[in-house]
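One structure is given below, encoded as structure tokens.
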Amino acid sequence: MKIATEKVTKRFGDLVANDEVSIEFGAGAIHALLGENGAGKSTYMAMLYGMLEPDEGTILFDGKPVELSGPPDAMAAGIGMVFQHFMLVGPFTVAQNVLLGLEPAELTGVDEEAMNARVAELADRYGIQIDPRARVDELSVGLQQRVEILKALARDVRVLILDEPTSVLGPEDAQALFVVMRKLAAEGKTILFVTHRLNEVRQVASTVTVMRHGRVVGTCDPSADRDEIVALMLGESKPLSLTYAPPPRRGKTEVLRIRDLHAAATLGSGLRGLELSVRPGEIVGVAGVEGNGQRELLRSLIGLTRPEHGTISIDGHDVTDAPPAERTRLGLGFIADDRHGLGMIGGLSVSENLILTRQRRFTKHGLLDFKSIDSDVAARIREFDVRLSSPQQLIGRLSGGNQQKVVIARELARELKILVAAQPTRGVDAGAAHNIHSQIVALRDRGVGVLLLSAELDEVLSLSDRVVVLAGGVAAPAAARPWDRQAIGAAMSHEHPEAVRGSHDG
Amino acid sequence: MADTMRETSAPNGSESRKTRAVVPFQTFLLYAGSALIALVVGAVLIIVTSSDLRARYSYFFAVPGDAIGATAHRISEVYGTLLTGAVGSPSAYLAFIRAPGADTAGVAFSPISETLVAAAPLIVAGLGISLAFRAGLINVGGPGQAALGALTAAVVGYWLDLPFPLPLLMAAGAAVLVGGLWGALVGWLKARFGAHEVVTTIMLNYAATNLVVLALSFSFLRRPGRSDPITPEISEGARLPGLFGSDFRVNIGILVAIAAAVLFWVLLNRTPQGLELRAVGQSRQAATALGINHRRVWVGAMAGSGGLVALGAAIHVMGVEHAMTPGTAGTLGIDALVVALLGRTGPVGCCVAGVIVGGMRAGGTQVQALTGVPYDIVTCIQAVLVLLIATPRVAKALFRLRKLSIKPSTTHGWAA
Amino acid sequence: MTTSIVLAIRGTTARATRVRLGAALALAALNALLVLLTFRSHSGTTKIDWSVSGRETAWTIPSFAVPTSVAAVLGAVGLLAAGLAVSRGGKRHLGGLLTLSGIVAVLATLVLCGAGQTVSLLALADESMARAAPLVLAALGGVLCERAGVINVAIEGQLLFGAFVGAIAGSAGGSGLVGVLFGVVAGVAIGALFATLAIRFKAEQLVVGIVLNTAIAGLTGFFVSGIFIDTPSLNNTPTIGAISIPLLGDVPVLGPLLFHTSPYVWLAVVLAFVVNFILERSRIGRHITAVGENPRAADAVGINVQRVRFWATVAGGLIIGTAGTYFTVGSVGQFSIDMTGGRGFIALAAVILGAWRPAGAIAAAALFGFADALQLALNILGAPIPSPLLLCLPYVVTIIAIVARGQVRAPSADGVPYERN
Amino acid sequence: GAPPSGGAAKAGDGPTGCLVADTAGINDGGFNALAWGGMKKAEKDLGAKVRFLQARSSDDYATNINAFVKQGCDLIVTVGFRMADATKAASAQYPDAKFVIVDNAYDPALPNVRGTTFATDQGAFLAGYAAASASHTGKVGTFGGVKISPVESYMDGFARGAAYYGKQTGKDIQLLGWSIDRRDGTFIGDFNDQEKAKQITRALMQQGADVIYPVASGAAVGGYSAIKDNGNGVLGIKGDIDGCTALPDYCGIFLTSALKNVDAAVFEAMTEVRDKTFKGSTYVGTLKNDGTGIGPFGQNEGRVPPQAREDLKKIADQLKTGELKTGSPFTVAN
Ligand SMILES: Nc1ncnc2c1ncn2[C@@H]1O[C@H](COP(=O)(O)OP(=O)(O)OP(=O)(O)O)[C@@H](O)[C@H]1O
Ligand SMILES: Nc1ncnc2c1ncn2[C@@H]1O[C@H](COP(=O)(O)OP(=O)(O)OP(=O)(O)O)[C@@H](O)[C@H]1O
Ligand SMILES: [Mg+2]
Ligand SMILES: [Mg+2]
């Protein structure tokens with residue numbers, strides 16, 4: 001089936017996630033969709049599947065405009081989708097998941113054996129190896145992915161949408177998936193396929209579309225030059241907001257040290273033996289596409305998830321199993337990418353959010369000392385130029401950018417030894433970003449170690465003293481200035497063999 | 001309620017002057033509309049249970065005026081009694097003003113006195129339930145905490161035969177301690193084993209009720225010469241002094257309640273522990289990430305919650321009952337939940353809600369005695385009111401309050 | 001053996017195992033105590049018989065007398081079983097050994113307390129079933145709601161409403177069956193109200209449940225005082241009592257238990273199978289579970305999440321409403337204030353204890369029914385334990401069981417309203 | 001019918017009588033109903049205005065009494081021993097108000113309270129004798145609502161009466177559910193839970209009891225319903241009031257009843273209030289003054305052997321004269 005969109009636009013509030021996207025996908029071929037994090041790929045796919053409704057524009061199946069009111073409409077039209085965030089029912093078996101919604105209504109109950117046989121046969125047909133009786137929540141993510149694919153195949157789709165199917169797969173599993181994809185294409189099915197990995201595009205895709213900031217920025221041949229595609233994806237290098245200056249004093253000891261860290265993933269690769277260290281007075285940038293272990297790294301560092309294996313030490317103290325409070329005391333500060341979930345408490349005021357973690361220090365005779373709190377808060381608000389009507393305002397009512405400023409102001413207010421900053425400038429305007437960047441550099445200059453995680457390569461490159469690429473749950477060797485932008489971009493796209501070492505357990 | 005107002009109407013830099021005025025007005029509409037619906041539901045119940053009115057409606061289409069007039073009369077009679085039963089009647093106040101004296105005062109002010117007597121324990125216990133809510137916990141364990149608190153106050157109150165304020169303070173202190181420990185047990189079970197507080201508190205309610213019966217079966221806790229479960233009367237020194245002489249039952253319990261509300265406010269808004277408690281209640285995950293030990297907060301919040309509920313029960317025992325039986329303070333735990341939800345878990349809200357519920361109790365008694373409409377009419381009205389206020393989305397849809405902001409939910413299902 | 005205890009208790013084993021080990025130690029102590037008590041008690045005999053009062057069967061098992069000293073033997077067996085469980089370090093055959101130890105302790109207690117009296121094991125079983133029947137039904141209803149992702153703490157109120165409507169309708173219609181029928185309708189109505197608030201208005205389900213309980217208590221109380229006092233005939237429904245099936249009712253043991261009993265027991269047994277079948281085996285059960293575990297996944301394959309949740313909640317309400325009629329139509333025939341007496345909360349605990357599975361909930365409800373019946377039997381046999389303590393037992397056991405079961409997870413999306421975006 | 005209570009009763013010229021009922025309410029088929037019956041009689045015969053309030057828990061006693069005092073009731077009737085404290089407190093606070101309390105007496109009598117107590121152990125003694133004589137198994141059972149002295153008084157009398165039958169006839173009579181020696185037995189815990197009364201009754205029948213006396217106010221119906229379900233010749237004894245009058249549906253299973261003539265006492269107090277002769281005092285209902293007694297045998301008269309029926313008359317006389325004592329520590333008939 002041929003599938004196309006004409007000037008499809010999707011907004012989330014002020015954010016334009018898809019901006020007049022017009023693409024056409026021919027039948028019987030594998031189409032790759034490339035783009036940075038947040039480029040709008042998933043949004044686009046979700047509209048094709050009826051999970052989201054476009055604000056403007058038309059979707060055309062076989063040239064005919066369609067209105068999709070929900071996934072059932074898309075399914076009826078022969079479209080199947082494998083989501084980036086899996087949609088599986090944990091306690092169900094593989095077969096139960098694959099045939100969810102397709103169970104025959106029989107008075108004697110669902111015939112498990114028949115279902116298992118049906119799924120086994122389907123899996124065989126496409127050369128997918130899986131036990132139909134296994135419970136899905138006991139499977140590795142790689143196997144769960146196969147379940148997702150089988151789910152789509154069981155519905156006898158004519159179009160299969162795969163949103164980053166390989167981000168959770170090891171190379172062998174990915175190869176196995178490609179075999180299936182080619183087979184499907186050969187049967188005349190249309191395959192839409194999102195990835196961040198260039199080598200995969202070159203292996204299976206017949207067309208490549210690149211998106212950036214919600215727009216289609218180009219289409220090209222998969223055999224095109226690597227650097228050309230990378231350039232399309234990354235766009236022009238943004239003018240740096242700061243001129244880089246080397247750190248004045250870099251300590252010898254390691255203020256943060258991570259050894260052989262393994263952590264299970266809920267999505268993406270998880271961590272598979274990460275080694276990383278940060279010394280006082282340096283900024284270590286972690287470049288990489290989301291889903292390669294960033295989330296697990298951050299949560300292990302904060303102390304919200306317990307790693308499966310490995311150690312983390314802060315300033316020489318082993319904190320692998322320590323609660324967050326202990327880490328805070330040792331001088332860990334963090335800026336979480338998930339601002340609403342971790343970084344702030346929406347139901348508390350700006351002032352309260354600003355003093356959280358220091359509340360015990362602002363206590364006099366058992367009561368909060370509002371005189372010193374107010375002056376401290378006023379100073380922070382001024383310093384970070386937080387735009388608000390009153391410090392008593394709920395932080396949840398601030399604009400996203402101003403919320404971020406508050407979070408950063410709070411973290412920088414403490415005596416830190418190490419700051420972990422994840423997406424520190426996400427959603428803030430250029431001026432504020434500049435301010436945040438200078439604060440981070442000033443912090444470094446005072447001798448604090450900084451671990452900077454960002455999906456924006458430019459941010460990482462402009463601030464960091466050292467850069468590692470996080471891909472497939474391991475950190476690829478550090479690169480040194482001057483950066484080889486293309487090489488780092490390629491490493492992010494799993495082009496370096498080292499970058500995927502150790503990722504065979506999917 | 002003012003507390004919620006503050007939240008829903010927090011000024012905002014980019015909000016226009018117009019919206020700033022609209023939001024508190026919408027909150028007001030929520031309350032007014034909910035009260036109206038509750039009263040209408042009550043009116044329907046009154047009509048349905050009145051055989052006289054039912055008879056008149058049977059020939060409604062022949063003589064509609066008859067049914068309507070009788071209905072209006074009946075409903076104004078019932079609600080009028082409810083109101084005068086709660087706050088007093090204008091004629092009695094007039095009589096008092098014309099001839100101030102003990103008997104006219106008695107008639108004029110006794111409804112208010114009864115309202116305040118009922119309100120004091122409700123406010124304190126309601127604050128207790130609110131404290132748990134603020135930490136993201138649903139304390140359905142009020143009945144158990146109240147039973148143990150009342151028992152403790154009664155026992156300590158008669159054992160200690162000391163000069164006036166001492167037994168009172170010690171009995172109240174002991175009640176808070178016992179209720180606090182009983183509550184802390186719930187917090188600990190949740191923090192340590194992930195057992196959800198709704199289930200553990202319900203089970204502990206039965207355990208507490210039976211423990212009270214057990215305790216009252218011991219002869220050394222029982223009133224001499226009695227075989228039934230009742231403790232001796234507490235000593236004079238352990239009784240809450242009346243505020244306006246012996247003609248009125250109102251006692252210093254209501255002042256204690258106001259003090260408790262002030263303390264509640266100070267604790268939540270002026271202490272680091274309060275800040276941590278609210279942080280955990282709003283977002284456990286973020287609070288934990290910010291270095292707050294949520295387990296300790298759970299235990300502490302449940303201890304405080306249980307302690308306050310027990311204190312409410314102690315006020316009831318020391319102010320009104322002066323002795324403990326298995327039924328004493330039996331409905332306080334659930335009524336406190338109503339107060340907390342109606343007062344939207346704020347200190348001012350709880351005071352207002354406590355007085356409203358207390359007034360409805362005083363008025364409801366008069367309604368049954370004078371008009372024959374069963375007391376439970378007020379329970380029904382309260383339930384509808386709470387349902388609408390605790391689920392603002394319903395009211396929002398009903399009254400088209402598009403600007404009304406909805407507090408994020410504070411309870412999070414079974415996940416510990 | 002001690003080393004294995006220490007090893008087992010020290011951090012290395014899972015928490016559940018540690019708790020079970022604690023249970024083994026407690027059971028060992030209980031059995032040891034029983035042995036001691038036997039030696040201290042006067043010797044005598046306990047008559048064990050197999051009658052259920054008022055149910056004469058054509059064939060019976062003869063009763064026999066056991067000397068009180070048998071209690072010591074039983075206690076010793078229980079001690080051995082518990083000891084074995086402990087020495088296994090809390091691992092193999094643990095459940096079996098613990099069950100054995102528990103059963104033996106119960107039997108020993110009965111023999112001991114029944115000295116000079118008659119103990120009918122069958123009657124105990126019969127009583128347990130009678131008490132368990134409404135609990136099982138209510139718990140099944142609760143499981144249905146919660147498996148679809150709607151937390152139902154309003155079971156108590158729904159039971160009460162079913163009882164109330166059953167009484168009125170049965171009285172007005174002059175037939176118990178009419179009462180049950182309207183009890184079903186009442187359950188559906190309350191279920192639909194609850195579902196609307198929870199699903200359409202996305203209200204906080206725990207709060208709505210709690211408020212609904214008070215609302216129904218108030219409403220029924222109002223009608224009791226407002227209508228029943230003047231018109232007692234509206235609160236006097238014909239009841240549906242025990243029904244005997246000829247021939248089958250005469251089968252020893254099973255006859256009186258299953259074929260001469262309240263239809264509510266049959267209903268509980270039948271619905272236990274039906275709900276279990278629906279939830280665990282049928283197509284609609286798949287969808288209910290999917291909607292409660294991962295509504296997005298269900299939505300993505302075209303299952304209407306809100307509709308499934310709505311109807312599951314209504315169906316749950318239906319069963320609970322029916323269970324409610326037990327208290328009036330199935331029992332005394334009169335409604336009285338708060339007559340369900342917290343049994344809805346027990347059912348809720350059974351839902352959780354049973355890990356949100358019908359079979360588990362049924363087992364938990366049955367266990368509770370048994371503990372309740374045993375408690376009364378011991379009281380009437382004159383056991384020297386203060387009855388308030390005996391009455392506490394089921395609740396304390398529930399807390400311990402919930403703590404021990406700590407690992408069990410609720411349906412992932414239980415209590416979380418679903419929104420597509 | 002009229003609106004739900006006596007609240008809007010036709011204006012009579014008689015006194016206003018206000019009844020504070022306990023939690024089981026005026027439809028309990030027991031002493032609350034009897035007290036209300038006395039009030040209704042006053043309404044009819046004396047043109048009294050009558051009202052009632054029903055307690056939802058023991059916390060309401062004082063509140064309800066106060067409400068009536070404030071309404072200026074001429075007589076407030078508090079039903080039940082459990083209201084003893086609240087009544088006493090109110091009588092001290094409002095010396096002008098007049099009270100009748102059922103099932104309690106103050107020593108010394110309070111100036112404005114009529115205490116009414118009943119030697120129900122005497123009536124129950126007769127019922128116990130009759131029960132034992134009607135039993136096939138030699139086992140009779142009883143259980144209580146809450147362990148309070150009026151309940152214990154009934155249970156004591158029942159126990160002694162049954163034992164007396166055993167002594168007289170040399171038969172082995174066992175009593176289940178109450179032990180005079182241990183002064184403990186089986187109780188529901190309240191006066192409302194019919195389901196629990198039903199369960200207890202089933203357990204008693206299982207132990208062989210075939211005449212059962214639930215001393216449990218409104219909850220007792222549960223017991224009678226269990227007996228009716230059983231349908232195996234097991235009989236029930238009604239408390240306070242004749243069973244066939246109070247619960248016609250269960251008439252077939254009653255052997256007899258142990259009476260407590262609360263209605264007469266209440267009506268008498270109302271009459272005195274109208275005649276302005278009311279004084280604080282203590283009324284003691286005994287066999288002698290018909291304040292207590294054994295009710296009529298209904299359909300099951302045949303179960304009581306003729307000899308026993310003869311004996312009952314004799315025993316009643318002996319109890320009246322004091323020649324025979326029930327032995328209950330709670331008896332007031334001395
Ligand atoms: N439901 C939503 N509400 C608000 N914003 C959203 C929503 N879903 C996506 N967005 C935003 O829309 C933009 C596009 O998101 P989308 O998920 O389509 O990106 P993507 O290209 O798939 O990125 P990735 O490679 O990280 O998966 C992002 O800025 C994202 O934050
Ligand atoms: N829940 C809310 N209630 C009231 N006002 C709100 C709420 N959320 C946002 N606002 C207000 O709406 C405005 C727009 O918010 P938004 O987050 O879209 O800002 P923004 O344009 O993205 O700014 P920034 O660049 O700082 O992120 C802000 O001024 C904010 O104060
Ligand atoms: Mg995406
Ligand atoms: Mg923004």
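In the structure tokens, chains take letters A, B, ... by order of appearance, with residues numbered from 1 within each chain and ligands from 1 in the order shown.
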
Which residues are near ligand 4 in this structure, taking near to mean any atom at most 10 Å from a ligand atom and counting only C-alpha atoms and all ligand atoms? Format them as JSON, numbers by chain. {"A": [13, 14, 15, 398, 399, 400, 401, 402, 403, 404, 426, 427, 428, 429]}

Same residues, C-alpha atoms, output as an mmCIF file, in the first residue's frame:
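Below is the file again.cif, written as the result:
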```cif
data_model
loop_
_atom_site.group_PDB
_atom_site.id
_atom_site.type_symbol
_atom_site.label_atom_id
_atom_site.label_comp_id
_atom_site.auth_asym_id
_atom_site.auth_seq_id
_atom_site.Cartn_x
_atom_site.Cartn_y
_atom_site.Cartn_z
ATOM 1 C CA GLY A 13 0.671 23.693 22.820
ATOM 2 C CA ASP A 14 3.137 26.164 21.411
ATOM 3 C CA LEU A 15 5.466 23.473 20.218
ATOM 4 C CA LEU A 398 6.040 29.074 35.589
ATOM 5 C CA SER A 399 6.972 28.637 31.976
ATOM 6 C CA GLY A 400 9.169 25.679 31.252
ATOM 7 C CA GLY A 401 12.273 27.743 30.826
ATOM 8 C CA ASN A 402 11.828 29.554 34.077
ATOM 9 C CA GLN A 403 11.225 26.295 35.886
ATOM 10 C CA GLN A 404 14.554 25.100 34.582
ATOM 11 C CA ARG A 426 16.135 21.970 27.172
ATOM 12 C CA GLY A 427 13.247 24.311 26.542
ATOM 13 C CA VAL A 428 14.977 27.518 27.627
ATOM 14 C CA ASP A 429 15.546 30.530 25.449
#
```

Test item: chain C residues at most 9 Å from chain A, counting only C-alpha atoms, as an MDAnalysis selection string: chainID C and resid 277:278 280:284 286:287 289:291 293:303 412 420:421

Proximal residues of chain B relative to chain D (only C-alpha atoms; 10 Å) as a PyMOL selection string: chain B and resi 49-53+55+85+106-107+110-111+114+117-118+210+213+217+226-230+233+246-249+316-317+320-332+361-363+365-376

Which one is closest to chain C: D:Ala203, D:Leu259, D:Cys244, D:Leu34? Count only C-alpha atoms.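 Checking each candidate against chain C, we get D:Ala203 as the closest.
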
Identify all residues of region 9-199 of chain A in strand (DSSP E or B) (DSSP on the backbone) and supply them as number ranges by chain. A: 9-12, 15-25, 30-35, 56-61, 64-66, 79-82, 93, 135, 159-162, 190-194
